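Participant: Provided below: protein14.csv, containing CSV, C-alpha atoms.
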```
chain,number,residue,atom,x,y,z
A,1,MET,CA,87.8,116.3,123.6
A,2,ASN,CA,84.7,115.2,121.7
A,3,CYS,CA,84.1,112.0,119.7
A,4,PHE,CA,85.1,113.6,116.4
A,5,ASP,CA,88.4,114.9,117.8
A,6,ALA,CA,89.1,111.7,119.6
A,7,ARG,CA,88.7,109.6,116.4
A,8,LYS,CA,91.0,111.8,114.5
A,9,GLU,CA,93.7,111.1,117.0
A,10,PHE,CA,93.7,107.3,116.9
A,11,ARG,CA,96.9,107.2,114.8
A,12,SER,CA,98.6,110.0,116.7
A,13,PHE,CA,97.9,108.2,120.0
A,14,TRP,CA,99.2,104.9,118.6
A,15,ARG,CA,102.3,106.6,117.3
A,16,ARG,CA,102.8,108.6,120.5
A,17,THR,CA,102.9,111.9,118.7
A,18,LEU,CA,100.3,113.5,121.0
A,19,SER,CA,101.4,116.0,123.6
A,20,PRO,CA,101.0,114.7,127.2
A,21,ASP,CA,98.0,116.9,127.7
A,22,ASP,CA,96.3,115.7,124.5
A,23,ARG,CA,97.2,112.1,125.3
A,24,ALA,CA,95.6,112.4,128.7
A,25,ALA,CA,92.5,114.1,127.1
A,26,PHE,CA,92.3,111.3,124.6
A,27,ALA,CA,92.5,108.5,127.2
A,28,GLY,CA,90.0,110.4,129.3
A,29,HIS,CA,87.5,110.6,126.5
A,30,LEU,CA,87.8,106.9,125.8
A,31,ARG,CA,87.2,106.1,129.4
A,32,GLY,CA,83.9,107.9,129.2
A,33,CYS,CA,82.8,107.0,125.7
A,34,ALA,CA,82.0,103.4,125.0
A,35,GLN,CA,81.7,103.9,121.3
A,36,CYS,CA,85.1,105.5,120.8
A,37,ASP,CA,86.7,103.0,123.2
A,38,ARG,CA,85.2,100.2,121.0
A,39,SER,CA,86.4,101.9,117.8
A,40,PHE,CA,89.9,102.3,119.2
A,41,ARG,CA,90.1,98.6,120.1
A,42,VAL,CA,89.0,97.7,116.6
A,43,PHE,CA,91.7,100.0,115.2
A,44,ALA,CA,94.3,98.5,117.6
A,45,LEU,CA,93.9,95.1,116.0
A,46,SER,CA,95.2,96.2,112.6
A,47,ALA,CA,97.4,99.1,113.8
A,48,PRO,CA,100.6,97.1,114.4
A,49,ALA,CA,100.7,96.2,110.7
A,50,LEU,CA,99.6,99.6,109.4
A,51,HIS,CA,101.0,102.1,111.9
A,52,SER,CA,104.0,100.5,113.5
A,53,ASP,CA,107.1,102.6,113.0
A,54,ARG,CA,109.6,100.1,114.0
A,55,GLU,CA,112.9,99.8,112.2
A,56,PRO,CA,112.6,97.1,109.6
A,57,GLU,CA,114.1,94.0,111.2
A,58,ALA,CA,115.5,92.9,107.8
A,59,ALA,CA,117.9,95.8,107.9
A,60,ARG,CA,119.6,94.4,111.0
A,61,GLN,CA,120.2,91.0,109.5
A,62,PRO,CA,123.2,90.1,107.3
A,63,SER,CA,122.8,91.6,103.9
A,64,THR,CA,121.6,89.4,101.1
A,65,LEU,CA,124.6,90.4,99.1
A,66,ALA,CA,126.8,89.0,101.9
A,67,ARG,CA,124.9,85.8,101.8
A,68,ALA,CA,124.9,85.7,98.1
A,69,GLN,CA,128.6,86.2,98.1
A,70,SER,CA,129.1,83.5,100.6
A,71,GLN,CA,127.2,81.3,98.1
A,72,ARG,CA,129.2,82.5,95.2
A,73,GLN,CA,132.6,82.2,96.9
A,74,PRO,CA,132.7,79.2,99.2
A,75,ALA,CA,135.8,78.7,101.3
A,76,ASN,CA,136.8,75.7,99.2
A,77,GLY,CA,136.5,77.6,96.0
A,78,GLY,CA,133.7,75.3,94.8
A,79,ALA,CA,130.9,76.1,92.3
A,80,VAL,CA,128.1,78.7,93.0
A,81,GLY,CA,125.1,77.1,94.6
A,82,LEU,CA,121.5,78.1,93.8
A,83,HIS,CA,119.7,76.0,96.3
A,84,GLY,CA,120.5,77.8,99.6
A,85,GLY,CA,116.9,79.0,100.2
A,86,ARG,CA,114.5,81.2,98.4
A,87,SER,CA,116.2,84.5,99.2
A,88,GLN,CA,119.8,83.3,98.5
A,89,GLY,CA,118.8,81.8,95.2
A,90,TRP,CA,116.9,84.9,94.3
A,91,ALA,CA,119.8,87.2,95.2
A,92,VAL,CA,122.2,85.3,92.9
A,93,ALA,CA,119.6,85.4,90.1
A,94,ALA,CA,119.2,89.2,90.8
A,95,ALA,CA,122.9,89.7,90.7
A,96,ALA,CA,123.0,87.9,87.3
A,97,ALA,CA,120.1,90.1,86.1
A,98,ILE,CA,121.9,93.2,87.2
A,99,LEU,CA,125.1,92.0,85.5
A,100,LEU,CA,123.2,91.6,82.3
A,101,VAL,CA,121.7,95.0,82.4
A,102,VAL,CA,124.9,96.6,83.6
A,103,SER,CA,127.0,94.9,81.0
A,104,GLY,CA,124.6,96.2,78.4
A,105,VAL,CA,125.1,99.7,79.6
A,106,ALA,CA,128.9,99.2,80.0
A,107,ALA,CA,129.1,98.1,76.4
A,108,TRP,CA,128.6,101.7,75.2
A,109,SER,CA,129.8,103.5,78.3
A,110,ALA,CA,133.3,105.0,78.6
A,111,ALA,CA,133.3,104.4,82.4
A,112,PRO,CA,133.5,100.8,83.6
A,113,ALA,CA,130.3,99.7,85.2
A,114,SER,CA,130.2,98.2,88.6
A,115,SER,CA,127.4,95.7,89.2
A,116,GLN,CA,129.0,95.2,92.6
A,117,ASP,CA,128.1,98.7,93.6
A,118,VAL,CA,124.5,98.3,92.4
A,119,MET,CA,124.0,95.1,94.4
A,120,GLU,CA,125.7,96.5,97.4
A,121,ALA,CA,123.4,99.4,97.4
A,122,ILE,CA,120.4,97.2,97.0
A,123,ALA,CA,121.4,94.7,99.7
A,124,GLY,CA,123.7,96.7,101.9
A,125,ASP,CA,123.2,97.4,105.6
A,126,ASP,CA,124.5,101.0,105.9
A,127,ALA,CA,121.4,102.9,104.7
A,128,ASN,CA,120.7,105.9,106.8
A,129,VAL,CA,117.6,107.7,105.7
A,130,GLU,CA,115.0,109.5,107.7
A,131,ALA,CA,111.8,107.6,108.7
A,132,VAL,CA,108.8,107.8,106.5
A,133,SER,CA,106.6,110.6,107.6
A,134,TYR,CA,103.0,110.2,108.5
A,135,THR,CA,100.0,112.5,109.0
A,136,THR,CA,98.0,112.6,112.1
A,137,ASP,CA,94.7,112.0,110.5
A,138,GLY,CA,93.4,108.8,112.0
A,139,SER,CA,90.2,108.8,109.9
A,140,PHE,CA,90.2,105.2,108.7
A,141,PHE,CA,88.1,103.7,111.3
A,142,SER,CA,86.4,106.8,112.5
A,143,GLN,CA,85.1,108.7,109.4
A,144,ASP,CA,83.2,107.0,106.7
A,145,GLU,CA,84.0,109.5,104.0
A,146,PHE,CA,82.9,107.0,101.3
A,147,SER,CA,79.7,105.9,102.8
A,148,SER,CA,77.6,108.6,101.1
A,149,ASP,CA,79.4,108.4,97.8
A,150,PRO,CA,77.0,107.1,95.1
A,151,SER,CA,79.9,105.7,93.1
A,152,LEU,CA,80.3,103.0,95.8
A,153,GLN,CA,77.1,101.5,94.5
A,154,GLU,CA,78.6,100.9,91.1
A,155,PRO,CA,79.4,97.3,90.3
A,156,LEU,CA,83.1,96.4,89.9
A,157,ALA,CA,84.3,94.5,87.0
A,158,PRO,CA,85.3,91.0,87.8
A,159,ASP,CA,88.9,90.7,89.1
A,160,SER,CA,90.0,88.6,86.2
A,161,THR,CA,89.2,91.4,83.7
A,162,GLU,CA,90.7,94.2,85.7
A,163,SER,CA,93.9,95.6,84.4
A,164,ARG,CA,96.4,98.3,85.3
A,165,SER,CA,97.1,101.1,83.0
A,166,ASN,CA,100.1,102.6,84.8
A,167,GLY,CA,102.7,100.7,82.8
A,168,LEU,CA,104.2,99.4,86.1
A,169,ALA,CA,102.9,95.8,86.0
A,170,GLY,CA,105.6,93.2,86.3
B,1,MET,CA,136.3,124.4,109.6
B,2,GLY,CA,133.3,126.1,111.2
B,3,ALA,CA,129.8,124.6,111.4
B,4,LEU,CA,128.5,126.7,108.5
B,5,ALA,CA,131.4,126.0,106.3
B,6,ALA,CA,131.1,122.3,107.1
B,7,ILE,CA,127.5,122.3,106.1
B,8,ARG,CA,128.3,124.2,102.9
B,9,HIS,CA,131.0,121.7,102.1
B,10,TRP,CA,128.7,118.8,102.9
B,11,SER,CA,125.9,120.2,100.7
B,12,SER,CA,128.3,120.9,97.8
B,13,THR,CA,129.4,117.2,97.9
B,14,VAL,CA,126.0,115.6,98.1
B,15,ASN,CA,124.4,115.0,94.8
B,16,SER,CA,120.7,115.4,94.2
B,17,ASP,CA,118.6,112.5,93.0
B,18,GLU,CA,118.4,114.1,89.6
B,19,GLU,CA,122.2,114.4,89.4
B,20,LEU,CA,122.7,110.7,90.4
B,21,ILE,CA,120.1,109.6,87.9
B,22,ALA,CA,121.8,111.5,85.2
B,23,GLU,CA,125.1,109.9,86.1
B,24,VAL,CA,123.5,106.4,85.9
B,25,LEU,CA,121.9,107.2,82.6
B,26,GLY,CA,125.2,108.6,81.4
B,27,GLY,CA,126.9,105.3,82.0
B,28,ARG,CA,128.2,105.6,85.6
B,29,THR,CA,125.9,102.9,86.9
B,30,ALA,CA,127.7,102.8,90.2
B,31,ALA,CA,125.8,106.0,91.1
B,32,PHE,CA,122.7,103.8,91.5
B,33,ALA,CA,124.3,102.6,94.7
B,34,GLU,CA,123.8,106.0,96.3
B,35,ILE,CA,120.2,106.2,95.1
B,36,ALA,CA,119.4,102.8,96.5
B,37,SER,CA,121.1,103.5,99.8
B,38,ARG,CA,119.0,106.7,100.2
B,39,TYR,CA,115.7,104.9,99.7
B,40,ARG,CA,116.3,101.4,100.9
B,41,ASP,CA,114.7,101.8,104.3
B,42,LYS,CA,111.6,103.5,102.9
B,43,VAL,CA,111.1,100.8,100.2
B,44,GLU,CA,111.6,98.0,102.8
B,45,ARG,CA,109.1,99.8,105.1
B,46,LEU,CA,106.5,99.9,102.4
B,47,CYS,CA,107.0,96.2,101.6
B,48,GLN,CA,106.7,95.5,105.3
B,49,ARG,CA,103.2,96.9,105.3
B,50,PHE,CA,102.2,94.0,103.0
B,51,PHE,CA,104.3,91.2,104.2
B,52,SER,CA,105.6,90.3,107.7
B,53,ASP,CA,108.2,87.8,106.6
B,54,HIS,CA,111.6,89.5,106.5
B,55,GLU,CA,113.0,87.4,103.7
B,56,ILE,CA,110.1,88.3,101.5
B,57,VAL,CA,110.4,92.0,102.4
B,58,ARG,CA,114.0,92.0,101.5
B,59,ASP,CA,113.4,90.1,98.2
B,60,LEU,CA,110.6,92.5,97.2
B,61,ALA,CA,112.7,95.5,98.0
B,62,GLN,CA,115.4,94.2,95.9
B,63,GLU,CA,113.0,93.4,93.1
B,64,SER,CA,111.7,97.0,93.3
B,65,PHE,CA,115.2,98.4,92.9
B,66,ILE,CA,116.0,96.2,90.0
B,67,ARG,CA,112.8,97.3,88.3
B,68,ALA,CA,113.7,100.9,89.1
B,69,PHE,CA,117.2,100.4,87.7
B,70,THR,CA,116.1,98.9,84.5
B,71,ALA,CA,113.3,101.5,84.0
B,72,LEU,CA,115.3,104.5,85.1
B,73,SER,CA,115.3,106.1,81.7
B,74,THR,CA,111.5,106.4,82.0
B,75,TYR,CA,111.7,108.5,85.1
B,76,ARG,CA,110.7,112.1,84.7
B,77,ALA,CA,111.9,114.7,87.1
B,78,GLU,CA,108.5,116.4,87.3
B,79,MET,CA,107.6,114.0,90.2
B,80,PRO,CA,109.6,113.2,93.3
B,81,PHE,CA,111.9,110.2,92.8
B,82,MET,CA,110.4,108.6,95.9
B,83,GLY,CA,106.9,108.9,94.4
B,84,TRP,CA,108.1,107.1,91.3
B,85,LEU,CA,109.9,104.5,93.3
B,86,ARG,CA,106.9,104.0,95.6
B,87,ALA,CA,104.7,103.3,92.6
B,88,ILE,CA,107.1,100.6,91.4
B,89,THR,CA,107.4,99.1,94.9
B,90,ALA,CA,103.6,99.1,95.3
B,91,ASN,CA,103.2,97.3,92.0
B,92,VAL,CA,105.9,94.7,93.0
B,93,CYS,CA,104.0,94.0,96.2
B,94,TYR,CA,100.7,93.9,94.4
B,95,ASP,CA,102.1,91.3,92.0
B,96,GLU,CA,103.3,89.2,94.9
B,97,LEU,CA,99.9,89.5,96.7
B,98,ARG,CA,98.1,88.3,93.6
B,99,ARG,CA,100.6,85.4,93.3
B,100,ARG,CA,99.8,84.2,96.8
B,101,LYS,CA,96.7,82.4,98.0
B,102,ARG,CA,94.5,84.6,100.1
B,103,ARG,CA,93.7,83.5,103.6
B,104,PRO,CA,90.1,82.5,104.4
B,105,GLU,CA,88.1,85.3,105.7
B,106,ASP,CA,87.0,83.6,108.9
B,107,LEU,CA,90.1,84.2,111.0
B,108,VAL,CA,88.8,83.4,114.5
B,109,ALA,CA,88.6,79.7,114.0
B,110,ASP,CA,92.3,79.0,113.8
B,111,PHE,CA,93.7,81.4,116.3
B,112,GLY,CA,96.7,80.2,118.2
B,113,VAL,CA,97.0,80.7,122.0
B,114,ALA,CA,99.3,83.8,121.6
B,115,GLU,CA,96.9,85.5,119.2
B,116,GLN,CA,94.0,84.7,121.5
B,117,ASN,CA,95.9,86.3,124.4
B,118,TRP,CA,96.6,89.4,122.4
B,119,ALA,CA,93.0,89.7,121.4
B,120,GLN,CA,92.1,89.3,125.0
B,121,LEU,CA,94.5,92.1,126.0
B,122,VAL,CA,93.1,94.4,123.3
B,123,ASN,CA,89.6,93.7,124.6
B,124,HIS,CA,90.3,94.5,128.2
B,125,ALA,CA,93.5,96.6,128.7
B,126,THR,CA,93.7,100.3,128.8
B,127,PRO,CA,94.5,102.1,125.5
B,128,GLU,CA,98.0,103.0,126.9
B,129,ALA,CA,98.6,99.4,127.8
B,130,ILE,CA,97.5,98.2,124.4
B,131,VAL,CA,100.0,100.5,122.7
B,132,ASP,CA,102.8,99.5,125.0
B,133,ALA,CA,102.1,95.8,124.6
B,134,ALA,CA,101.9,96.0,120.8
B,135,GLU,CA,105.5,97.2,120.6
B,136,GLN,CA,106.6,94.1,122.5
B,137,GLN,CA,104.4,91.3,121.3
B,138,ARG,CA,105.1,89.7,118.0
B,139,GLU,CA,101.6,88.2,117.9
B,140,ALA,CA,100.2,91.7,117.7
B,141,HIS,CA,101.9,92.1,114.4
B,142,ASP,CA,101.0,88.6,113.3
B,143,LEU,CA,97.3,89.1,114.0
B,144,ALA,CA,97.3,92.4,112.3
B,145,HIS,CA,98.9,90.9,109.2
B,146,ARG,CA,96.4,88.1,109.3
B,147,LEU,CA,93.6,90.6,109.2
B,148,LEU,CA,95.1,92.2,106.2
B,149,ASP,CA,95.8,88.8,104.6
B,150,ALA,CA,92.0,88.3,104.5
B,151,LEU,CA,91.6,91.2,102.1
B,152,LYS,CA,91.7,90.8,98.4
B,153,PRO,CA,94.9,92.1,96.9
B,154,GLU,CA,93.2,95.1,95.4
B,155,ASP,CA,91.5,96.0,98.7
B,156,ARG,CA,94.7,95.6,100.6
B,157,MET,CA,96.7,97.8,98.2
B,158,VAL,CA,94.2,100.6,98.7
B,159,MET,CA,94.1,100.1,102.5
B,160,VAL,CA,97.9,100.2,102.9
B,161,LEU,CA,98.6,103.0,100.4
B,162,LYS,CA,95.8,105.2,102.0
B,163,GLU,CA,96.6,104.4,105.6
B,164,THR,CA,100.3,104.1,105.7
B,165,GLU,CA,101.5,106.3,102.8
B,166,ASP,CA,98.6,108.7,103.3
B,167,LEU,CA,97.9,108.9,99.6
B,168,SER,CA,94.8,110.4,98.1
B,169,ILE,CA,92.3,108.5,96.1
B,170,GLY,CA,93.7,110.1,92.9
B,171,GLU,CA,97.3,109.3,93.8
B,172,ILE,CA,96.4,105.6,94.5
B,173,ALA,CA,94.5,105.5,91.2
B,174,ALA,CA,97.5,106.8,89.4
B,175,ILE,CA,99.9,104.4,91.0
B,176,MET,CA,97.7,101.3,90.4
B,177,GLY,CA,96.4,102.4,87.0
B,178,TRP,CA,92.8,102.1,88.3
B,179,SER,CA,89.9,104.5,88.1
B,180,GLU,CA,89.2,106.6,91.1
B,181,ALA,CA,85.8,105.0,91.5
B,182,LYS,CA,87.4,101.6,91.7
B,183,VAL,CA,89.8,102.9,94.4
B,184,LYS,CA,86.9,104.3,96.4
B,185,ILE,CA,85.0,101.0,96.2
B,186,ARG,CA,88.0,99.0,97.2
B,187,ALA,CA,88.7,101.4,100.1
B,188,PHE,CA,85.1,101.0,101.3
B,189,ARG,CA,85.1,97.2,101.0
B,190,ALA,CA,88.5,97.0,102.7
B,191,ARG,CA,87.4,99.0,105.7
B,192,HIS,CA,84.1,97.2,106.0
B,193,LEU,CA,85.8,93.8,106.0
B,194,MET,CA,88.5,94.8,108.3
B,195,ARG,CA,86.1,96.3,110.8
B,196,THR,CA,83.8,93.3,110.6
B,197,GLN,CA,86.6,90.9,111.2
B,198,ALA,CA,88.0,92.9,114.1
B,199,GLU,CA,84.6,93.1,115.7
B,200,LYS,CA,84.2,89.4,115.3
B,201,ILE,CA,87.6,88.8,117.0
B,202,LEU,CA,86.8,91.1,119.9
B,203,ALA,CA,83.3,89.7,120.3
B,204,ALA,CA,84.7,86.1,120.3
B,205,LYS,CA,87.2,87.0,123.0
B,206,ARG,CA,84.6,88.9,125.1
B,207,GLY,CA,82.3,85.9,125.0
B,208,ARG,CA,84.9,83.5,126.4
```
So, in terms of structure tokens, how does the structure I just supplied come out?
Facilitator:
Amino acid sequence: MNCFDARKEFRSFWRRTLSPDDRAAFAGHLRGCAQCDRSFRVFALSAPALHSDREPEAARQPSTLARAQSQRQPANGGAVGLHGGRSQGWAVAAAAAILLVVSGVAAWSAAPASSQDVMEAIAGDDANVEAVSYTTDGSFFSQDEFSSDPSLQEPLAPDSTESRSNGLAG
Amino acid sequence: MGALAAIRHWSSTVNSDEELIAEVLGGRTAAFAEIASRYRDKVERLCQRFFSDHEIVRDLAQESFIRAFTALSTYRAEMPFMGWLRAITANVCYDELRRRKRRPEDLVADFGVAEQNWAQLVNHATPEAIVDAAEQQREAHDLAHRLLDALKPEDRMVMVLKETEDLSIGEIAAIMGWSEAKVKIRAFRARHLMRTQAEKILAAKRGR
């Protein structure tokens, strides 16, 4: 394995998607190449945030809906609280927002709308979708594809004047 | 029922995204529950690339679905639904990044003991040992997020979308509503800063 090949495999090595032979070849190359070894260690500092494939821990915690409902329906039948922490307060507010939207839809819909279903889907714990797929191109820290691009020398507009034109701004 | 028949039965009962969206737009808003359950993990995973706090991740994922729900009539089936939803989620995260105060760029000064130990390990352990340890140690994720926290929101958006979602410059430009030149510049700056910071961290640990 040469340096170019090794640096393409940073991500694959990190994500354990290399075959045993390729994994051994990768590790062997790093043992004999100080530059690639150094680049891999630089890559490793940010990789846990960028390339970790762990299940989101949030999914294993009680759903926000459940917590929101516990806020809305206290055992003593008391009033709804909005000061149970940032997320709980937000969830109740979100439920209210959904209710507004849904009730607007329901006003002209023949079928009764269910804001409960919408919130359960958003906050529920039973999702079962396949993992996000990734490529094996580990070029970020190994190939400087932009370094020779003349457009990189162009000045950027100040941040305060930058805007988005995708219509998705909040 | 044979396996083939079971698969046929299953496929005939599973609605496509487009069918579910049509149901929601037709007034059966409960169909959005199925859409959300299909994509919740992916949306949370993307939010997790920007924020390590689980409460924030969950809140932003919910915010993304609410925006998607309210804007569903603007979705066009020419693009995959996940692509549309990813664009919404990315912009929700971008708004949150801009709302927050960015960390100072000199990270090394205020490292805790656990982060110092992790940096020490990255400096001296074998590549295999680094990968193994990263899965176990929370500080590996904390330090990585601190590195990302030092980036400007624009730089971080490009870094995450390019690295984790594997999007092209053109795709990122379309999602963020920026020019391709701006995306390239942001990518260059993000990589340069991340590499500089990481080198500093490793050099500091090696010198001790």
Participant: With all atoms listed in the file as the atoms that count, which of B:Asp155, B:Glu19, B:Glu165, B:Glu171 lies nearest to chain A?
Facilitator: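 Smallest distance to chain A is found for B:Glu165.
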Participant: Nearest to Lys162 (chain B) among B:Ala140, B:Ala190, B:Val113, B:Leu147, with distances taken over only C-alpha atoms: which residue is it?
Facilitator: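 Result for the nearest residue to Lys162 (chain B): B:Ala190.
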Participant: Please report the interatomic distance between CA of Leu20 (chain B) and CA of Met176 (chain B) in Å with one decimal.
Facilitator: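 Interatomic distance here is 26.7 Å.
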Participant: Taking (100.3, 94.9, 114.5) in the file's coordinates, which residues come within 7 Å, counting all atoms listed in the file, written as a list in words?
Facilitator: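 Those within range, by chain then number, are Leu45, Ser46, Ala47, Pro48, Ala49, Leu50 and Ser52 of chain A; Ala134, Ala140, His141, Asp142, Leu143, Ala144 and His145 of chain B.
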Participant: So the first atom is CA of Arg156 (chain B) and the second is CA of Ala129 (chain B); what is the distance between them in Å, to one decimal place?
Facilitator: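 Those two atoms sit 27.7 Å apart.
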Participant: Separation of CA of Glu23 (chain B) and CA of Ile35 (chain B), in Å?
Facilitator: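 For CA of Glu23 (chain B) relative to CA of Ile35 (chain B), the distance reads 10.9 Å.
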Participant: Could you check the closest approach to chain B for each of A:Met1, A:Gln35, A:Phe43, A:Ala25 and tell me which residue wins, using only C-alpha atoms?
Facilitator: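 Looking only at the distances to chain B, the closest residue turns out to be A:Phe43.
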Participant: Dump as a ChimeraX atom specification all residues having an atom at most 10 Å from (97.1, 85.1, 119.1), computed in the file's coordinates with only C-alpha atoms.
Facilitator: /B:108,110-120,137-144
Participant: Which one of B:Phe81, B:Arg99, B:Lys152, B:Asn123 sits closest to chain A if you count all atoms listed in the file?
Facilitator: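 Comparing B:Phe81, B:Arg99, B:Lys152, B:Asn123 against chain A, the winner is B:Asn123.
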Participant: Within 10 Å of Ser168 (chain B), counting only C-alpha atoms, which residues show up once you throw out same-chain ones fewer than 4 positions away? Write them as an NGL selection string, please.
Facilitator: :B and (158 or 161-163 or 172-174 or 180 or 183)
